[in-house]
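Next comes protein18.csv, with CSV, C-alpha atoms.
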chain,number,residue,atom,x,y,z
A,66,MET,CA,49.5,8.2,96.2
A,67,ILE,CA,50.8,5.5,93.9
A,68,ASN,CA,54.6,5.9,93.6
A,69,PHE,CA,55.5,2.4,92.3
A,70,ILE,CA,54.2,0.5,89.4
A,71,THR,CA,55.7,-2.9,89.4
A,72,ILE,CA,55.6,-5.0,86.2
A,73,SER,CA,56.3,-8.7,86.4
A,74,ALA,CA,56.0,-11.4,83.8
A,75,PRO,CA,57.6,-14.7,82.9
A,76,SER,CA,60.8,-14.3,80.9
A,77,GLY,CA,59.9,-13.9,77.2
A,78,SER,CA,56.5,-12.4,77.9
A,79,GLY,CA,57.5,-9.0,76.5
A,80,LYS,CA,57.6,-7.0,79.7
A,81,THR,CA,60.8,-5.1,78.8
A,82,THR,CA,59.4,-4.2,75.3
A,83,LEU,CA,56.2,-3.0,76.9
A,84,CYS,CA,58.0,-1.0,79.6
A,85,LYS,CA,60.2,0.7,77.1
A,86,ALA,CA,57.1,1.5,74.9
A,87,LEU,CA,55.4,3.0,78.0
A,88,GLN,CA,58.4,5.2,78.8
A,89,LEU,CA,58.2,6.7,75.3
A,90,VAL,CA,54.6,7.9,75.8
A,91,GLU,CA,54.9,8.6,79.6
A,92,PRO,CA,58.3,10.4,80.0
A,93,GLU,CA,57.4,11.7,83.4
A,94,ILE,CA,57.3,8.2,84.8
A,95,GLU,CA,60.8,7.4,86.1
A,96,TRP,CA,62.4,4.1,85.3
A,97,SER,CA,63.9,2.1,88.2
A,98,ILE,CA,67.3,0.8,87.1
A,99,SER,CA,67.9,-2.5,88.8
A,100,TYR,CA,71.3,-4.1,89.6
A,101,THR,CA,72.2,-7.5,88.1
A,102,THR,CA,75.1,-9.9,87.9
A,103,ARG,CA,74.0,-11.4,84.6
A,104,GLU,CA,76.0,-10.6,81.5
A,105,LYS,CA,75.0,-7.6,79.4
A,106,ARG,CA,73.2,-8.4,76.2
A,107,SER,CA,74.4,-6.6,73.0
A,108,ILE,CA,71.3,-4.4,72.8
A,109,GLU,CA,71.6,-3.3,76.5
A,110,GLU,CA,73.5,-0.4,78.0
A,111,ASN,CA,75.0,-0.3,81.5
A,112,GLY,CA,73.3,2.4,83.7
A,113,VAL,CA,70.3,2.5,81.3
A,114,ASP,CA,68.9,-1.0,81.2
A,115,TYR,CA,70.6,-2.3,84.4
A,116,PHE,CA,73.6,-1.7,86.5
A,117,PHE,CA,75.7,-4.7,85.5
A,118,ILE,CA,78.0,-5.6,88.4
A,119,SER,CA,80.0,-8.6,89.6
A,120,GLU,CA,78.7,-11.1,92.1
A,121,LYS,CA,81.2,-9.9,94.7
A,122,GLU,CA,80.0,-6.3,94.3
A,123,PHE,CA,76.4,-7.4,94.5
A,124,GLU,CA,77.0,-9.4,97.7
A,125,ASP,CA,78.8,-6.4,99.2
A,126,LEU,CA,75.7,-4.2,98.5
A,127,ILE,CA,73.5,-6.8,100.2
A,128,ILE,CA,75.6,-6.6,103.3
A,129,GLN,CA,75.5,-2.8,103.2
A,130,GLY,CA,71.6,-2.9,103.1
A,131,HIS,CA,71.6,-1.2,99.7
A,132,PHE,CA,68.6,-3.2,98.3
A,133,VAL,CA,65.0,-3.0,99.3
A,134,GLU,CA,64.6,-6.4,97.7
A,135,TRP,CA,66.9,-8.8,95.8
A,136,GLN,CA,66.5,-12.2,94.2
A,137,ASN,CA,68.6,-14.9,92.7
A,138,VAL,CA,66.9,-15.7,89.4
A,139,HIS,CA,68.2,-18.4,87.0
A,140,GLY,CA,71.6,-18.2,88.9
A,141,PHE,CA,72.0,-14.4,88.6
A,142,TYR,CA,71.3,-11.7,91.2
A,143,TYR,CA,68.8,-8.9,90.7
A,144,GLY,CA,68.2,-6.1,93.2
A,145,THR,CA,66.3,-2.8,93.6
A,146,SER,CA,67.9,0.1,95.3
A,147,LEU,CA,66.1,1.3,98.5
A,148,ASN,CA,67.3,4.9,98.0
A,149,ASN,CA,65.7,5.1,94.6
A,150,LEU,CA,62.3,4.2,96.1
A,151,ARG,CA,62.7,6.6,99.0
A,152,ASN,CA,63.5,9.4,96.6
A,153,ALA,CA,60.4,8.7,94.5
A,154,ILE,CA,58.2,8.9,97.6
A,155,ASN,CA,59.9,12.1,98.9
A,156,ASN,CA,59.6,13.8,95.5
A,157,ASP,CA,56.0,12.5,94.7
A,158,LYS,CA,57.3,10.7,91.6
A,159,ILE,CA,55.8,7.7,89.9
A,160,MET,CA,58.4,5.0,89.2
A,161,LEU,CA,58.1,2.0,86.9
A,162,ILE,CA,59.9,-1.1,88.3
A,163,GLU,CA,60.4,-4.2,86.1
A,164,MET,CA,61.0,-7.2,88.4
A,165,ASP,CA,60.2,-10.8,89.1
A,166,VAL,CA,57.0,-11.8,90.9
A,167,LYS,CA,58.6,-12.2,94.3
A,168,GLY,CA,60.3,-8.8,94.1
A,169,SER,CA,57.0,-7.3,93.1
A,170,MET,CA,55.3,-8.9,96.1
A,171,SER,CA,58.1,-7.7,98.4
A,172,ILE,CA,57.6,-4.1,97.2
A,173,LYS,CA,53.9,-4.3,97.7
A,174,LYS,CA,54.3,-5.7,101.2
A,175,LEU,CA,56.7,-2.9,102.2
A,176,PHE,CA,54.8,-0.1,100.5
A,177,PRO,CA,51.2,-1.3,100.2
A,178,ASP,CA,49.6,2.1,99.8
A,179,GLN,CA,52.2,3.3,97.2
A,180,THR,CA,52.3,0.2,95.0
A,181,PHE,CA,50.3,-1.0,92.0
A,182,SER,CA,51.3,-4.3,90.6
A,183,ILE,CA,50.8,-5.6,87.1
A,184,PHE,CA,51.4,-9.1,85.9
A,185,ILE,CA,51.8,-9.8,82.1
A,186,MET,CA,51.1,-13.3,80.8
A,187,PRO,CA,52.0,-14.9,77.5
A,188,PRO,CA,49.1,-16.4,75.5
A,189,SER,CA,50.4,-19.9,76.2
A,190,ILE,CA,53.4,-21.8,77.3
A,191,SER,CA,54.1,-23.0,73.7
A,192,GLN,CA,54.2,-19.4,72.5
A,193,LEU,CA,56.4,-18.5,75.4
A,194,ARG,CA,58.9,-21.3,74.3
A,195,GLU,CA,58.9,-20.0,70.8
A,196,ARG,CA,59.5,-16.4,71.9
A,197,LEU,CA,62.4,-17.5,74.1
A,198,ARG,CA,63.9,-19.5,71.2
A,199,SER,CA,63.5,-16.6,68.7
A,200,ARG,CA,65.4,-14.2,71.0
A,201,GLY,CA,68.5,-16.4,70.5
A,202,THR,CA,70.0,-15.4,73.9
A,203,ASP,CA,69.4,-18.6,75.8
A,204,SER,CA,70.4,-22.3,75.4
A,205,GLU,CA,67.7,-24.9,75.3
A,206,LYS,CA,68.7,-25.9,78.8
A,207,ARG,CA,68.2,-22.3,80.1
A,208,ILE,CA,64.9,-22.1,78.2
A,209,ASN,CA,63.7,-25.1,80.0
A,210,ILE,CA,64.7,-23.6,83.3
A,211,ARG,CA,62.8,-20.4,82.4
A,212,LEU,CA,59.7,-22.5,81.5
A,213,LYS,CA,59.8,-24.4,84.8
A,214,ARG,CA,59.9,-21.0,86.6
A,215,PHE,CA,56.9,-19.9,84.5
A,216,GLN,CA,54.8,-22.5,86.2
A,217,GLU,CA,55.8,-21.3,89.6
A,218,GLU,CA,55.3,-17.6,88.7
A,219,MET,CA,51.8,-18.2,87.4
A,220,LYS,CA,50.8,-19.2,91.0
A,221,PHE,CA,51.4,-15.6,92.1
A,222,ARG,CA,49.2,-13.9,89.5
A,223,LYS,CA,46.1,-13.7,91.8
A,224,ASN,CA,48.1,-11.5,94.1
A,225,PHE,CA,48.6,-8.8,91.5
A,226,ASP,CA,46.3,-5.7,91.1
A,227,TYR,CA,46.1,-6.1,87.4
A,228,VAL,CA,46.7,-9.1,85.0
A,229,MET,CA,46.9,-8.8,81.3
A,230,VAL,CA,47.8,-11.1,78.4
A,231,ASN,CA,50.3,-10.0,75.8
A,232,GLU,CA,49.1,-11.8,72.7
A,233,ASP,CA,49.2,-8.9,70.3
A,234,LEU,CA,52.1,-6.5,71.2
A,235,ASP,CA,50.4,-3.3,69.8
A,236,LEU,CA,47.1,-4.1,71.7
A,237,ALA,CA,49.1,-4.9,74.8
A,238,LYS,CA,50.9,-1.5,74.6
A,239,ILE,CA,47.5,0.3,74.4
A,240,GLU,CA,46.1,-1.7,77.3
A,241,LEU,CA,49.1,-1.0,79.5
A,242,GLN,CA,49.0,2.7,78.7
A,243,LYS,CA,45.3,2.9,79.4
A,244,THR,CA,45.8,1.2,82.7
A,245,ILE,CA,48.6,3.6,83.7
A,246,ASN,CA,46.5,6.6,82.7
A,247,LYS,CA,43.6,5.4,84.8
A,248,LEU,CA,46.0,4.9,87.7
A,249,LYS,CA,47.4,8.5,87.3
A,250,GLN,CA,43.9,9.9,87.3
A,251,GLY,CA,43.1,7.9,90.5
A,252,ALA,CA,40.4,5.9,88.7
A,253,THR,CA,42.0,2.5,89.4
A,254,SER,CA,41.9,1.2,92.9
A,255,GLY,CA,44.7,-0.8,94.5
A,256,THR,CA,42.4,-3.8,94.9
A,257,GLU,CA,41.3,-4.4,91.3
A,258,ASN,CA,42.3,-7.7,89.9
A,259,ASN,CA,41.6,-7.9,86.2
A,260,THR,CA,42.5,-11.6,85.7
A,261,ILE,CA,41.9,-12.5,82.1
Will you turn the file into structure tokens for me?
Amino acid sequence: MINFITISAPSGSGKTTLCKALQLVEPEIEWSISYTTREKRSIEENGVDYFFISEKEFEDLIIQGHFVEWQNVHGFYYGTSLNNLRNAINNDKIMLIEMDVKGSMSIKKLFPDQTFSIFIMPPSISQLRERLRSRGTDSEKRINIRLKRFQEEMKFRKNFDYVMVNEDLDLAKIELQKTINKLKQGATSGTENNTI
């Protein structure tokens, strides 16, 4: 059984928007709330979007073995709770996990039979730059760091079970929902790679 749907994408590709849209129409799918040391944005809520904790708290949790995987992304820690994943397996739940590409590959390696990975691409790097600028949450320097990381993340896309392009948000929402529905019905195998 597939317990984990990991969704990865370069920053600014719309993965959070797509994940939230999916939650509205698939309420039985649980949302994995990650831990992070980055600052909370004004539109975010602690314990809903992320658990926002200090660097010291995060490092203590690493030592305690709390995370199934963790990464340092753009100078901030992000981590996924091992207990959350165990609970999903034990209770036959499907969990949606929004994470970076390396985190997704880590989950897939640890739980190969329970994981389906989705990679979301922007239409182009120029559109990605514009999306990051329009968000108004990053400096030009941080945008350039994110764009550099985009080139690295693209190398991983062939390792994902499903790859889609988010050019039109409404169409991307429909495509993602259809993919999840096929997965729930057992029609999508764990080896399909729909690279567009």
Any chance you could tabulate, as CSV, the residues of stretch 84-183 of chain A at most 9 Å from stretch 229-252 of chain A with each one's nearest atom pair and distance in Å to one decimal, using only C-alpha atoms, in chain and rising number order?
residue,atom,partner,partner_atom,distance
A:Cys84,CA,A:Lys238,CA,8.7
A:Ala86,CA,A:Lys238,CA,6.9
A:Leu87,CA,A:Gln242,CA,6.4
A:Val90,CA,A:Gln242,CA,8.2
A:Glu91,CA,A:Gln242,CA,8.4
A:Ile159,CA,A:Lys249,CA,8.8
A:Phe181,CA,A:Leu248,CA,8.5
A:Ile183,CA,A:Met229,CA,7.7
Filtering to C-alpha atoms, could you give me those residues as a PDB file, keeping the file's coordinate frame?
ATOM      1  CA  CYS A  84      58.000  -1.000  79.600  1.00  0.00           C
ATOM      2  CA  ALA A  86      57.100   1.500  74.900  1.00  0.00           C
ATOM      3  CA  LEU A  87      55.400   3.000  78.000  1.00  0.00           C
ATOM      4  CA  VAL A  90      54.600   7.900  75.800  1.00  0.00           C
ATOM      5  CA  GLU A  91      54.900   8.600  79.600  1.00  0.00           C
ATOM      6  CA  ILE A 159      55.800   7.700  89.900  1.00  0.00           C
ATOM      7  CA  PHE A 181      50.300  -1.000  92.000  1.00  0.00           C
ATOM      8  CA  ILE A 183      50.800  -5.600  87.100  1.00  0.00           C
TER       9      ILE A 183
END
To one decimal in Å, tell me the separation between atom CA of A:Tyr115 and atom CA of A:Ser97.
8.9 Å
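Going from atom CA of A:Lys158 over to atom CA of A:Ile128, you cover 27.8 Å.
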Choose the residue, out of A:Trp135, A:Tyr100, A:Phe225, A:Phe69, that has the smallest atom-to-atom separation from A:Glu122; count only C-alpha atoms.
A:Tyr100
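Here the question is which of A:Gln88, A:Gln216, A:Thr102, A:Asn224 gets nearest to A:Ser189 using all atoms listed in the file, and that residue is A:Gln216.
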What's the separation between atom CA of A:Lys174 and atom CA of A:Phe215, in Å to one decimal place?
22.1 Å
As a ChimeraX atom specification, please: the residues near stretch 219-223 of chain A (cut-off 12 Å, only C-alpha atoms, same-chain neighbours under 4 positions excluded).
/A:72-76,165-170,182-187,189-190,212-215,227-230,256-261
